[in-house]
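Enquirer: Input structure: model.txt, which contains compact mmCIF, C-alpha atoms.
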# COMPACT_ATOMS: atom_id res chain seq x y z
CA MET A 1 -22.92 17.86 7.10
CA LEU A 2 -19.52 16.18 6.77
CA ASN A 3 -19.99 14.33 10.06
CA LEU A 4 -23.40 13.10 8.88
CA THR A 5 -21.75 11.76 5.70
CA PHE A 6 -19.18 9.92 7.80
CA ILE A 7 -21.92 8.34 9.91
CA VAL A 8 -23.95 7.26 6.86
CA ILE A 9 -20.85 5.61 5.32
CA THR A 10 -20.09 3.90 8.63
CA VAL A 11 -23.62 2.52 8.94
CA LEU A 12 -23.42 1.17 5.37
CA TYR A 13 -20.06 -0.41 6.17
CA PHE A 14 -21.34 -1.86 9.45
CA VAL A 15 -24.34 -3.45 7.71
CA LEU A 16 -22.13 -4.79 4.90
CA ILE A 17 -19.63 -6.47 7.22
CA LEU A 18 -22.37 -7.94 9.42
CA SER A 19 -23.94 -9.30 6.23
CA PHE A 20 -20.65 -11.08 5.51
CA VAL A 21 -20.64 -12.47 9.06
CA TYR A 22 -24.16 -13.80 8.51
CA GLY A 23 -23.27 -15.13 5.06
CA PHE A 24 -20.19 -16.89 6.47
CA SER A 25 -22.42 -18.84 8.85
CA LYS A 26 -24.79 -19.74 6.01
CA VAL A 27 -22.06 -21.65 4.13
CA LYS A 28 -22.03 -25.12 5.65
CA THR A 29 -18.74 -26.72 6.61
CA PHE A 30 -18.14 -29.68 4.31
CA LYS A 31 -17.26 -33.04 5.81
CA ARG A 32 -15.86 -35.64 3.46
CA LYS A 33 -17.64 -38.98 3.51
CA GLY A 34 -15.98 -42.30 2.74
CA THR A 35 -16.90 -42.26 -0.96
CA LYS A 36 -14.86 -44.05 -3.59
CA GLN A 37 -12.44 -41.74 -5.40
CA LYS A 38 -13.74 -41.09 -8.92
CA THR A 39 -12.67 -37.66 -10.12
CA THR A 40 -9.54 -37.17 -12.20
CA PHE A 41 -7.50 -33.99 -11.73
CA SER A 42 -4.79 -32.01 -13.49
CA VAL A 43 -3.05 -29.88 -10.85
CA VAL A 44 -1.66 -26.74 -12.51
CA ILE A 45 1.13 -24.76 -10.81
CA PRO A 46 2.89 -21.85 -12.55
CA PHE A 47 6.24 -20.84 -11.05
CA ARG A 48 8.79 -18.08 -11.53
CA ASN A 49 11.90 -17.76 -9.35
CA GLU A 50 10.51 -19.97 -6.56
CA ALA A 51 13.72 -21.82 -5.63
CA GLU A 52 13.23 -21.28 -1.91
CA ASN A 53 9.66 -22.64 -1.93
CA LEU A 54 9.78 -25.62 -4.28
CA GLU A 55 11.07 -28.24 -1.86
CA ALA A 56 8.15 -27.69 0.53
CA LEU A 57 5.66 -27.58 -2.34
CA LEU A 58 6.88 -30.85 -3.87
CA ALA A 59 6.99 -32.57 -0.50
CA SER A 60 3.33 -31.68 0.02
CA ILE A 61 2.46 -32.88 -3.51
CA LEU A 62 4.16 -36.23 -2.92
CA SER A 63 2.25 -36.57 0.36
CA LEU A 64 -1.20 -36.26 -1.24
CA ARG A 65 -3.56 -39.03 -0.10
CA TYR A 66 -5.17 -39.65 -3.48
CA ASP A 67 -4.92 -42.41 -6.08
CA LYS A 68 -1.85 -41.39 -8.09
CA ALA A 69 -3.38 -42.83 -11.26
CA GLN A 70 -6.18 -40.28 -11.02
CA TYR A 71 -4.18 -37.06 -11.03
CA GLU A 72 -1.23 -35.40 -12.66
CA VAL A 73 0.77 -32.31 -11.74
CA ILE A 74 1.83 -29.80 -14.40
CA LEU A 75 4.50 -27.30 -13.34
CA ILE A 76 4.84 -24.35 -15.72
CA ASN A 77 8.16 -22.51 -15.77
CA ASP A 78 7.40 -18.84 -16.34
CA GLU A 79 10.87 -17.70 -17.46
CA SER A 80 12.55 -18.35 -14.11
CA GLU A 81 15.94 -16.70 -13.72
CA ASP A 82 17.05 -18.79 -10.73
CA ASP A 83 17.66 -22.55 -10.45
CA SER A 84 14.00 -23.45 -9.93
CA VAL A 85 13.93 -26.00 -12.77
CA ALA A 86 17.12 -27.72 -11.60
CA ILE A 87 15.76 -27.93 -8.05
CA ILE A 88 12.53 -29.54 -9.27
CA GLU A 89 14.39 -32.04 -11.45
CA ASN A 90 16.75 -33.00 -8.63
CA LEU A 91 13.91 -33.43 -6.15
CA LEU A 92 11.89 -35.51 -8.61
CA ASN A 93 14.88 -37.71 -9.43
CA ALA A 94 15.50 -38.31 -5.73
CA SER A 95 11.82 -39.08 -5.22
CA GLU A 96 11.78 -41.49 -8.18
CA VAL A 97 14.70 -43.45 -6.75
CA SER A 98 12.98 -43.56 -3.36
CA GLN A 99 9.67 -44.75 -4.84
CA GLN A 100 11.36 -47.38 -7.00
CA ASN A 101 12.77 -48.93 -3.84
CA THR A 102 9.28 -49.22 -2.36
CA VAL A 103 7.27 -52.16 -3.69
CA GLY A 104 3.76 -51.36 -4.93
CA ILE A 105 4.11 -47.57 -4.94
CA THR A 106 2.95 -45.81 -8.13
CA GLN A 107 4.97 -42.73 -9.01
CA THR A 108 3.29 -39.32 -9.04
CA ASP A 109 2.84 -38.02 -12.61
CA ILE A 110 4.69 -34.69 -12.59
CA THR A 111 5.54 -32.73 -15.75
CA ILE A 112 7.52 -29.52 -16.25
CA ILE A 113 6.67 -27.36 -19.27
CA GLN A 114 7.69 -23.90 -20.45
CA ASN A 115 5.23 -21.03 -20.47
CA ASN A 116 3.95 -20.05 -23.89
CA ARG A 117 3.67 -16.26 -23.66
CA THR A 118 0.92 -14.77 -25.82
CA SER A 119 -0.34 -11.82 -23.74
CA ASN A 120 0.43 -9.29 -21.03
CA ALA A 121 -0.69 -11.77 -18.39
CA PRO A 122 2.10 -14.32 -17.70
CA LYS A 123 0.15 -16.39 -15.19
CA LYS A 124 -2.90 -16.65 -17.43
CA ASP A 125 -0.64 -17.74 -20.28
CA ALA A 126 0.94 -20.37 -18.01
CA ILE A 127 -2.42 -21.81 -16.94
CA THR A 128 -3.65 -21.83 -20.54
CA SER A 129 -0.45 -23.60 -21.64
CA ALA A 130 -1.00 -26.30 -19.01
CA ILE A 131 -4.68 -26.81 -19.77
CA SER A 132 -3.87 -27.31 -23.44
CA ILE A 133 -1.99 -30.52 -22.53
CA ALA A 134 -3.94 -31.53 -19.41
CA LYS A 135 -4.99 -35.19 -19.43
CA HIS A 136 -7.83 -35.00 -16.92
CA ASP A 137 -11.31 -33.52 -16.60
CA TRP A 138 -10.82 -31.22 -13.64
CA ILE A 139 -8.25 -28.42 -13.45
CA VAL A 140 -7.01 -27.46 -9.99
CA THR A 141 -4.75 -24.41 -9.62
CA THR A 142 -2.43 -23.41 -6.82
CA ASP A 143 0.77 -21.38 -6.41
CA ALA A 144 4.39 -22.46 -6.05
CA ASP A 145 4.77 -20.86 -2.61
CA CYS A 146 1.95 -22.96 -1.17
CA ILE A 147 1.69 -26.06 1.00
CA ILE A 148 -0.96 -28.55 -0.11
CA PRO A 149 -2.90 -30.50 2.56
CA ASN A 150 -2.91 -34.29 2.37
CA TYR A 151 -6.63 -34.68 1.66
CA TRP A 152 -6.92 -31.73 -0.74
CA LEU A 153 -7.94 -33.70 -3.81
CA SER A 154 -10.00 -36.10 -1.72
CA ASP A 155 -12.12 -33.18 -0.52
CA PHE A 156 -12.54 -31.84 -4.04
CA ASP A 157 -13.53 -35.31 -5.27
CA ALA A 158 -16.11 -35.87 -2.51
CA PHE A 159 -17.53 -32.37 -2.98
CA ILE A 160 -17.82 -32.86 -6.75
CA GLN A 161 -19.62 -36.18 -6.31
CA GLU A 162 -22.07 -34.66 -3.82
CA HIS A 163 -22.80 -31.27 -5.43
CA GLU A 164 -21.89 -31.64 -9.14
CA PRO A 165 -20.43 -28.12 -9.52
CA LYS A 166 -18.50 -26.78 -12.49
CA MET A 167 -16.24 -24.50 -10.45
CA ILE A 168 -15.11 -24.72 -6.81
CA VAL A 169 -13.60 -21.93 -4.75
CA ALA A 170 -11.66 -23.14 -1.69
CA PRO A 171 -9.90 -21.63 1.36
CA VAL A 172 -6.40 -20.16 1.62
CA SER A 173 -4.49 -18.82 4.63
CA TYR A 174 -0.98 -17.85 5.73
CA ASN A 175 1.27 -20.26 7.60
CA THR A 176 4.10 -18.33 9.32
CA MET A 177 3.29 -15.60 11.86
CA THR A 178 6.68 -14.79 13.38
CA SER A 179 6.42 -10.98 13.25
CA PHE A 180 3.85 -8.19 13.49
CA LEU A 181 4.10 -7.60 9.74
CA LYS A 182 3.10 -11.19 9.04
CA ARG A 183 0.26 -11.06 11.57
CA PHE A 184 -0.93 -7.79 10.01
CA GLN A 185 -1.02 -9.50 6.62
CA LEU A 186 -2.84 -12.49 8.08
CA LEU A 187 -5.61 -10.33 9.57
CA ASP A 188 -5.97 -8.42 6.30
CA PHE A 189 -6.06 -11.69 4.37
CA LEU A 190 -8.56 -13.28 6.76
CA SER A 191 -10.88 -10.33 6.24
CA LEU A 192 -10.77 -10.99 2.49
CA ILE A 193 -11.42 -14.71 2.99
CA GLY A 194 -14.25 -13.89 5.37
CA ALA A 195 -15.79 -11.62 2.75
CA THR A 196 -15.26 -14.31 0.11
CA ILE A 197 -17.12 -16.97 2.10
CA GLY A 198 -19.70 -14.44 3.28
CA GLY A 199 -20.39 -13.44 -0.32
CA PHE A 200 -21.15 -17.06 -1.19
CA GLY A 201 -23.45 -17.33 1.83
CA MET A 202 -25.31 -14.20 0.69
CA GLN A 203 -25.66 -15.68 -2.82
CA ARG A 204 -23.45 -12.84 -4.08
CA PRO A 205 -20.02 -14.38 -4.68
CA PHE A 206 -17.46 -11.82 -5.82
CA LEU A 207 -14.04 -12.99 -4.65
CA CYS A 208 -11.90 -16.12 -5.03
CA ASN A 209 -8.22 -17.06 -4.91
CA GLY A 210 -6.31 -18.86 -7.64
CA ALA A 211 -4.15 -20.53 -4.99
CA ASN A 212 -7.09 -22.87 -4.35
CA LEU A 213 -9.46 -23.01 -7.29
CA ALA A 214 -10.89 -25.88 -9.35
CA TYR A 215 -12.99 -25.97 -12.50
CA HIS A 216 -14.01 -28.46 -15.13
CA LYS A 217 -11.88 -28.30 -18.26
CA SER A 218 -15.02 -28.13 -20.42
CA LEU A 219 -16.11 -24.99 -18.53
CA PHE A 220 -12.77 -23.31 -19.18
CA LYS A 221 -13.09 -24.06 -22.88
CA ALA A 222 -16.75 -23.00 -23.03
CA LEU A 223 -15.84 -19.66 -21.42
CA LYS A 224 -12.94 -19.29 -23.87
CA GLY A 225 -10.53 -19.20 -20.96
CA PHE A 226 -9.14 -15.80 -20.17
CA ASP A 227 -10.27 -14.14 -23.40
CA GLY A 228 -11.40 -10.59 -22.70
CA ASN A 229 -9.02 -9.83 -19.83
CA THR A 230 -5.54 -10.85 -20.98
CA ASN A 231 -4.57 -7.16 -21.00
CA ILE A 232 -4.72 -7.28 -17.18
CA ALA A 233 -1.74 -9.05 -15.61
CA SER A 234 -3.63 -10.43 -12.59
CA GLY A 235 -7.14 -11.82 -12.21
CA ASP A 236 -6.70 -15.37 -13.47
CA ASP A 237 -9.10 -16.32 -10.69
CA ILE A 238 -11.74 -13.60 -10.25
CA PHE A 239 -12.35 -12.78 -13.91
CA LEU A 240 -12.76 -16.46 -14.74
CA MET A 241 -15.19 -16.87 -11.83
CA GLU A 242 -17.18 -13.85 -13.01
CA LYS A 243 -17.54 -15.43 -16.45
CA ALA A 244 -18.61 -18.73 -14.85
CA LEU A 245 -21.20 -16.95 -12.68
CA LYS A 246 -22.60 -15.15 -15.70
CA ALA A 247 -22.90 -18.45 -17.57
CA ASP A 248 -24.48 -20.38 -14.68
CA LYS A 249 -24.36 -18.89 -11.18
CA ASN A 250 -25.57 -22.13 -9.59
CA SER A 251 -22.56 -24.05 -10.89
CA VAL A 252 -20.02 -22.12 -8.76
CA HIS A 253 -19.67 -23.38 -5.17
CA TYR A 254 -17.50 -22.74 -2.11
CA LEU A 255 -15.73 -25.68 -0.47
CA LYS A 256 -15.65 -24.72 3.21
CA SER A 257 -13.47 -27.52 4.53
CA GLU A 258 -10.63 -27.40 7.04
CA SER A 259 -8.83 -30.28 5.31
CA ALA A 260 -8.84 -28.38 2.00
CA ILE A 261 -7.07 -25.26 3.30
CA ILE A 262 -4.05 -24.26 1.24
CA LEU A 263 -1.31 -22.52 3.23
CA THR A 264 0.83 -19.84 1.63
CA LYS A 265 3.57 -17.49 2.78
CA PRO A 266 3.09 -13.83 3.73
CA GLN A 267 5.34 -11.23 2.14
CA PRO A 268 8.74 -10.82 3.86
CA ASN A 269 8.76 -6.99 4.03
CA TRP A 270 6.55 -3.94 3.62
CA LYS A 271 7.86 -3.17 0.14
CA SER A 272 6.87 -6.54 -1.30
CA LEU A 273 3.56 -6.40 0.58
CA VAL A 274 2.73 -3.05 -1.04
CA SER A 275 3.61 -4.47 -4.48
CA GLN A 276 1.40 -7.50 -3.89
CA ARG A 277 -1.58 -5.48 -2.69
CA LYS A 278 -1.21 -2.99 -5.56
CA ARG A 279 -1.27 -5.95 -7.93
CA TRP A 280 -4.50 -7.12 -6.33
CA ALA A 281 -6.04 -3.64 -6.31
CA ALA A 282 -5.12 -2.88 -9.93
CA LYS A 283 -7.78 -5.27 -11.25
CA THR A 284 -10.72 -4.04 -9.13
CA SER A 285 -11.81 -1.36 -11.60
CA ASN A 286 -12.32 -4.15 -14.15
CA TYR A 287 -14.66 -6.22 -11.98
CA GLN A 288 -17.95 -7.07 -13.68
CA SER A 289 -19.72 -7.65 -10.36
CA ALA A 290 -21.73 -4.59 -9.29
CA PHE A 291 -21.77 -5.97 -5.74
CA GLY A 292 -17.98 -6.37 -5.80
CA LYS A 293 -17.49 -2.80 -6.98
CA LEU A 294 -19.95 -1.47 -4.38
CA THR A 295 -18.18 -3.41 -1.63
CA GLY A 296 -14.82 -1.99 -2.69
CA LEU A 297 -16.17 1.57 -2.71
CA ILE A 298 -17.80 1.24 0.71
CA VAL A 299 -14.58 -0.16 2.21
CA LEU A 300 -12.51 2.61 0.60
CA PHE A 301 -14.89 5.36 1.73
CA MET A 302 -14.99 3.90 5.24
CA ASN A 303 -11.23 3.96 5.62
CA ALA A 304 -10.94 7.40 4.03
CA SER A 305 -13.70 8.72 6.33
CA LEU A 306 -11.85 7.41 9.36
CA ILE A 307 -8.63 9.17 8.33
CA ILE A 308 -10.37 12.47 7.53
CA SER A 309 -12.40 12.42 10.74
CA LEU A 310 -9.23 11.77 12.74
CA ILE A 311 -7.54 14.77 11.12
CA LEU A 312 -10.58 16.92 11.87
CA ALA A 313 -10.63 15.67 15.45
CA VAL A 314 -7.00 16.68 15.91
CA ILE A 315 -7.71 20.12 14.42
CA THR A 316 -11.06 20.64 16.13
CA VAL A 317 -11.63 19.06 19.54
CA GLY A 318 -15.39 18.94 18.97
CA ASN A 319 -14.99 16.29 16.26
CA TRP A 320 -13.59 13.61 18.59
CA PRO A 321 -17.03 12.07 19.37
CA THR A 322 -17.69 11.52 15.66
CA PHE A 323 -14.29 9.92 15.12
CA LEU A 324 -14.64 7.68 18.17
CA LEU A 325 -18.14 6.60 17.15
CA ILE A 326 -17.25 5.58 13.61
CA PHE A 327 -13.99 3.97 14.75
CA LEU A 328 -15.83 1.92 17.38
CA LEU A 329 -18.47 0.78 14.90
CA LYS A 330 -15.85 -0.13 12.31
CA ILE A 331 -13.60 -2.16 14.60
CA THR A 332 -16.63 -3.92 16.12
CA ALA A 333 -17.79 -5.12 12.69
CA ASP A 334 -14.24 -5.98 11.61
CA PHE A 335 -13.57 -7.97 14.77
CA LEU A 336 -16.77 -9.99 14.40
CA LEU A 337 -15.83 -11.01 10.84
CA LEU A 338 -12.21 -11.70 11.78
CA TYR A 339 -13.20 -13.78 14.79
CA LYS A 340 -15.58 -15.86 12.68
CA THR A 341 -12.96 -16.41 9.98
CA SER A 342 -9.98 -16.99 12.27
CA ALA A 343 -11.98 -19.54 14.26
CA PHE A 344 -12.55 -21.58 11.08
CA PHE A 345 -8.81 -21.46 10.32
CA SER A 346 -7.86 -22.14 13.98
CA GLN A 347 -5.93 -18.83 14.08
CA THR A 348 -7.80 -16.85 16.75
CA ARG A 349 -4.57 -16.49 18.75
CA TYR A 350 -3.38 -13.91 16.22
CA LEU A 351 -6.28 -11.58 17.02
CA ALA A 352 -4.02 -10.11 19.73
CA SER A 353 -2.51 -8.02 16.91
CA PHE A 354 -5.91 -6.65 15.90
CA PRO A 355 -5.92 -3.38 17.94
CA VAL A 356 -2.66 -2.11 16.44
CA SER A 357 -3.55 -3.43 12.99
CA ALA A 358 -6.90 -1.62 13.16
CA LEU A 359 -5.06 1.69 13.65
CA ILE A 360 -2.65 1.09 10.76
CA TYR A 361 -5.00 -0.51 8.27
CA PRO A 362 -7.04 2.55 7.15
CA PHE A 363 -3.85 4.38 6.13
CA PHE A 364 -2.47 1.27 4.43
CA SER A 365 -5.71 0.56 2.60
CA VAL A 366 -6.21 4.09 1.28
CA TYR A 367 -2.58 4.32 0.20
CA ILE A 368 -2.84 1.04 -1.76
CA ALA A 369 -6.10 2.09 -3.40
CA MET A 370 -4.80 5.51 -4.46
CA SER A 371 -1.37 4.38 -5.62
CA SER A 372 -2.84 1.50 -7.64
CA LEU A 373 -4.80 4.05 -9.68
CA PHE A 374 -1.80 6.09 -10.77
CA THR A 375 1.35 3.98 -10.54
CA SER A 376 2.71 0.73 -11.94
CA TYR A 377 3.80 -2.15 -9.74
CA LYS A 378 6.61 -4.68 -9.74
CA TRP A 379 5.99 -8.40 -9.22
CA LYS A 380 8.32 -11.36 -9.71
CA GLU A 381 11.03 -9.07 -11.10
CA ARG A 382 8.64 -7.72 -13.76
CA ARG A 383 7.02 -4.29 -13.95
CA PHE A 384 3.37 -4.03 -14.87
CA LYS A 385 1.28 -1.05 -15.80
CA LYS A 386 -2.22 -0.72 -14.43
Translate the structure of the given file into structure tokens.

Expert:
Amino acid sequence: MLNLTFIVITVLYFVLILSFVYGFSKVKTFKRKGTKQKTTFSVVIPFRNEAENLEALLASILSLRYDKAQYEVILINDESEDDSVAIIENLLNASEVSQQNTVGITQTDITIIQNNRTSNAPKKDAITSAISIAKHDWIVTTDADCIIPNYWLSDFDAFIQEHEPKMIVAPVSYNTMTSFLKRFQLLDFLSLIGATIGGFGMQRPFLCNGANLAYHKSLFKALKGFDGNTNIASGDDIFLMEKALKADKNSVHYLKSESAIILTKPQPNWKSLVSQRKRWAAKTSNYQSAFGKLTGLIVLFMNASLIISLILAVITVGNWPTFLLIFLLKITADFLLLYKTSAFFSQTRYLASFPVSALIYPFFSVYIAMSSLFTSYKWKERRFKK
């Protein structure tokens, strides 16, 4: 009876992941046409203790290929305890001198403000603080440890002109793969991105990432921002998207464009990786999407089934066929989704780490899910309760 349960869960998982593979293909890759730039943007970037990342971030901002008169950048200092603010000011001063010596160059409009804390969700407070002073119609959010591609805003602008959305979800990936830990994170992250894009292709969007998210300021105000979920530290992206979908599901689109990919850094060690994933997992019980909750349960049950069946196989030799069958089906589905996603991001070379990652991941996933239910987590030198 137990083996039959494992097989049923595996079949459900197999069908789910193949549905994401199909959905991924249904989302068309967007190619920017030579349209005149029209959209105005306020780029919103909260930061806390990001001294080591700010130089690369600002360099990518200053390299944006978009009319500087049509966007601003608002950096929100979320109680940084390092010299982040001083680093930004020094870099901006150096950039201003450089631009002043270049005839005809308009300076990038960059502002630093302090976070106005009003809730248990620092990042949501930071975004809300920025939007309250934003000059432009479209809000685009990213993170301080990210690298922005040159044609990022150009892609958003062209997509907005063509599709007239109210919210746009866009791709994110990792950029440094110098160790197995980082490749493990990449494969895990690519599976999430694959499911994100696949969900849009299935007309059942349920995931997004605030490191690459855009929405019209009027939508944010109409939805009353983050009201209703400020008791949850994370979820500035998904909970807002869920509210947007409920208001008008046809107004939320995915921008599947290679030139709009934001690159971010993987965690430097297992401890910080666990904290990050616990932070992500802590909000799942508050999802409004029934499909999102079902997906999370199927994935959890699949990984738990694999672990239990392995234990039974070790104890009882006769259970090895069941374990091998469900393991084979799982890694086949996972590989198909990862191959599809990694090909879009031009990262298929990292699939060499898939076999070992596939052995580790079930234990990692179940541990994160269980610990997120009962323990707090630490992030950016702050401790948060579930």

Enquirer: Per residue of region 278-338 of chain A within 9 Å of region 351-367 of chain A, note the shortest atom pair and the distance in Å to one decimal, counting only C-alpha atoms, and order the rows by chain and increasing residue number, as a Markdown table.

Expert:
| residue | atom | partner | partner_atom | distance |
| --- | --- | --- | --- | --- |
| A:Val299 | CA | A:Ser365 | CA | 8.9 |
| A:Leu300 | CA | A:Val366 | CA | 6.5 |
| A:Phe301 | CA | A:Val366 | CA | 8.8 |
| A:Met302 | CA | A:Pro362 | CA | 8.3 |
| A:Asn303 | CA | A:Pro362 | CA | 4.7 |
| A:Ala304 | CA | A:Val366 | CA | 6.4 |
| A:Leu306 | CA | A:Pro362 | CA | 7.2 |
| A:Ile307 | CA | A:Pro362 | CA | 6.9 |
| A:Ile331 | CA | A:Ala358 | CA | 6.9 |
| A:Asp334 | CA | A:Ala358 | CA | 8.7 |
| A:Phe335 | CA | A:Phe354 | CA | 7.9 |
| A:Leu338 | CA | A:Leu351 | CA | 7.9 |

Enquirer: Name the residues in contact with Ser234 (chain A) at a cut-off of 7 Å, using only C-alpha atoms, excluding same-chain residues fewer than 4 positions from it; report them as a CSV table (one decimal) with C-alpha atoms, in the coordinates of the input.

Expert:
chain,number,residue,atom,x,y,z
A,121,ALA,CA,-0.7,-11.8,-18.4
A,279,ARG,CA,-1.3,-6.0,-7.9
A,283,LYS,CA,-7.8,-5.3,-11.2

Enquirer: For each of A:Ser119, A:Ile112, A:Met177, A:Ile133, take the minimum atom-to-atom distance to Pro268 (chain A), counting all atoms listed in the file, then give the residue where this is smallest.

Expert: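 Result for the nearest residue to Pro268 (chain A): A:Met177.
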
Enquirer: Just the number, please: distance in Å from CA of His136 (chain A) to CA of Glu258 (chain A), one decimal.

Expert: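 The value is 25.3 Å.
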
Enquirer: Interatomic distance between CA of Ile168 (chain A) and CA of Gln267 (chain A)?

Expert: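 A separation of 26.1 Å between them.
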
Enquirer: Go through A:Ala158, A:Leu58, A:Ile368, A:Ile298 and flag the residue nearest Phe14 (chain A), using all atoms listed in the file for the distances.

Expert: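 Closest residue, counting all atoms listed in the file: A:Ile298.
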